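A.B. asks: Quick one: the structure is below, questions incoming.
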Amino acid sequence: MLIKGYDDGPLVAGEALLARPGFWSNYLMPMCGGGASAARPGPEWFGDDGADADALSEVLFDPERWPVFRVPAEGGPGAVVIHRNMVGEYGIDYLLTHPGRSHAQQVASWEGDLSGVGLTWDELVRVADSPSAAAEGVQDPAARLLLVLPLLAASDVPEPAPARVSAALTSVGAPQVTAFSTAEYLLTHLTRRARHDPAWGSPLSGS
């Protein structure tokens, strides 16, 4: 698989992994942070169990196959999420695709925290809610939102945000009874480390 603008690694389409038990706990738990709190996140927050999470981690973190998750958008910028499985240098790279451009633009990486340029809540929602049926990739708005959620770079979010994330979590299999508290936990952690400066040019502008 080739992604123009990204020359590292043996890339493979990863979208089929989204439906596998253990995917969302592997992807989102690191975004929740660590700590010794009794309330720290576990796979069950995302509808998984430990065995599922462990089994899928062997696929997600395979250094010989780097899963790619494409989030194409209709009429505007989309995103590409790449598990960068270098031995001893694991991370997740986030790229944006722009209409009329043949190459993707890497804007951020996750290696225990986000480095690079993130997006506002409204920008994330715009990407999530604009699937392009004409392009290969993730079409479901719930999965799209959760895939780009780690790019959130704002010190606060609108009041409806936890309910939107909660609904997305429930849609991908998280327990309904705890989905809202999981959404609040995720958003609280992501906004605490937010580095977005309103004076910066948004990477979605294509600049």
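Labels used: A, B, ... for chains in the order of the structure tokens, numbers from 1 for residues in each chain, and numbers from 1 for ligands as shown.
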Extract, using only C-alpha atoms, all DNA, RNA and protein residues at most 8 Å from segment 87-90 of chain A, discarding same-chain residues fewer than 4 positions from it, and format them as a ChimeraX atom specification.
C.D. replies: /A:61,63,83,111
A.B. asks: Would you mind listing what lies within 8 Å of segment 5-14 of chain A as a list in words, with only C-alpha atoms counted and same-chain residues fewer than 2 positions away left out?
C.D. replies: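 Result of the neighbour search: Met1, Leu2, Ile3, Ala16, Leu17, Leu18, Glu64, Arg65, Trp66, Pro67, Val68, Phe69, Arg84, Asn85, Met86, His103, Ala104, Gln105 and Gln106 of chain A.
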A.B. asks: Just to be explicit: take each residue in the selection above, keep N, CA, C and O atoms, and write the result as a short mmCIF file (atom, residue, chain, number, x, y, z; two decimals), in the first residue's frame.
C.D. replies:
data_model
loop_
_atom_site.label_atom_id
_atom_site.label_comp_id
_atom_site.auth_asym_id
_atom_site.auth_seq_id
_atom_site.Cartn_x
_atom_site.Cartn_y
_atom_site.Cartn_z
N MET A 1 0.85 -1.18 0.00
CA MET A 1 0.00 0.00 0.00
C MET A 1 0.89 1.24 0.00
O MET A 1 1.90 1.28 0.72
N LEU A 2 0.50 2.28 -0.77
CA LEU A 2 1.28 3.50 -0.85
C LEU A 2 0.44 4.69 -0.41
O LEU A 2 -0.73 4.81 -0.77
N ILE A 3 1.05 5.55 0.39
CA ILE A 3 0.45 6.82 0.76
C ILE A 3 1.42 7.90 0.30
O ILE A 3 2.53 8.02 0.84
N ALA A 16 -10.39 -3.04 8.15
CA ALA A 16 -11.11 -4.24 8.60
C ALA A 16 -10.89 -4.52 10.08
O ALA A 16 -11.70 -5.21 10.72
N LEU A 17 -9.81 -3.98 10.65
CA LEU A 17 -9.52 -4.22 12.07
C LEU A 17 -10.47 -3.47 12.99
O LEU A 17 -10.58 -3.81 14.18
N LEU A 18 -11.15 -2.45 12.49
CA LEU A 18 -12.03 -1.65 13.35
C LEU A 18 -13.14 -2.49 13.97
O LEU A 18 -13.61 -2.20 15.07
N GLU A 64 6.18 -5.72 10.79
CA GLU A 64 6.23 -6.06 9.36
C GLU A 64 4.97 -5.63 8.60
O GLU A 64 4.93 -5.75 7.38
N ARG A 65 3.96 -5.14 9.32
CA ARG A 65 2.71 -4.70 8.68
C ARG A 65 2.18 -3.51 9.48
O ARG A 65 1.75 -3.70 10.62
N TRP A 66 2.23 -2.33 8.90
CA TRP A 66 1.78 -1.13 9.60
C TRP A 66 0.35 -0.79 9.17
O TRP A 66 0.13 -0.33 8.04
N PRO A 67 -0.64 -0.99 10.04
CA PRO A 67 -2.03 -0.72 9.66
C PRO A 67 -2.28 0.76 9.38
O PRO A 67 -1.82 1.64 10.12
N VAL A 68 -3.02 1.01 8.33
CA VAL A 68 -3.39 2.36 7.91
C VAL A 68 -4.91 2.48 7.93
O VAL A 68 -5.62 1.61 7.41
N PHE A 69 -5.41 3.57 8.50
CA PHE A 69 -6.84 3.82 8.58
C PHE A 69 -7.13 5.14 7.85
O PHE A 69 -6.73 6.21 8.29
N ARG A 84 2.81 3.44 13.25
CA ARG A 84 4.22 3.40 12.88
C ARG A 84 4.92 2.39 13.79
O ARG A 84 5.31 2.69 14.91
N ASN A 85 5.10 1.17 13.28
CA ASN A 85 5.56 0.07 14.11
C ASN A 85 7.06 -0.19 13.99
O ASN A 85 7.49 -1.33 13.83
N MET A 86 7.85 0.86 14.06
CA MET A 86 9.29 0.66 14.09
C MET A 86 9.68 -0.01 15.40
O MET A 86 9.16 0.32 16.47
N HIS A 103 -0.41 14.61 -2.50
CA HIS A 103 0.37 14.12 -1.37
C HIS A 103 -0.32 14.46 -0.05
O HIS A 103 -0.88 15.54 0.10
N ALA A 104 -0.26 13.51 0.88
CA ALA A 104 -0.76 13.76 2.23
C ALA A 104 0.26 14.58 3.01
O ALA A 104 1.46 14.55 2.71
N GLN A 105 -0.21 15.28 4.02
CA GLN A 105 0.64 16.14 4.84
C GLN A 105 0.63 15.61 6.27
O GLN A 105 -0.41 15.55 6.92
N GLN A 106 1.79 15.20 6.79
CA GLN A 106 1.84 14.76 8.18
C GLN A 106 1.77 15.97 9.09
O GLN A 106 2.55 16.92 8.94
#
A.B. asks: Which residue out of A:Gly78, A:Ser57, A:Ala167, A:Tyr94 has the minimum interatomic distance to Val138 of chain A when only C-alpha atoms are used?
C.D. replies: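 Answer, going by the shortest atom-to-atom distance: A:Gly78.
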A.B. asks: When you look at Leu187 of chain A with a cut-off of 10 Å (counting only C-alpha atoms), what residues show up, excluding the ones that are within fewer than 2 positions of it in the same chain? I need them as an MDAnalysis selection string.
C.D. replies: chainID A and resid 31:32 149:150 152 154:157 161:162 165 181:185 189:192
A.B. asks: Looking only at the backbone, which of the residues in segment 26-120 of chain A does DSSP tag as helix (DSSP H, G or I), as number ranges by chain?
C.D. replies: A: 26-32, 43-46, 50-60
A.B. asks: By how many Å are atom CA of Phe180 of chain A and atom CA of Pro21 of chain A apart?
C.D. replies: 20.1 Å
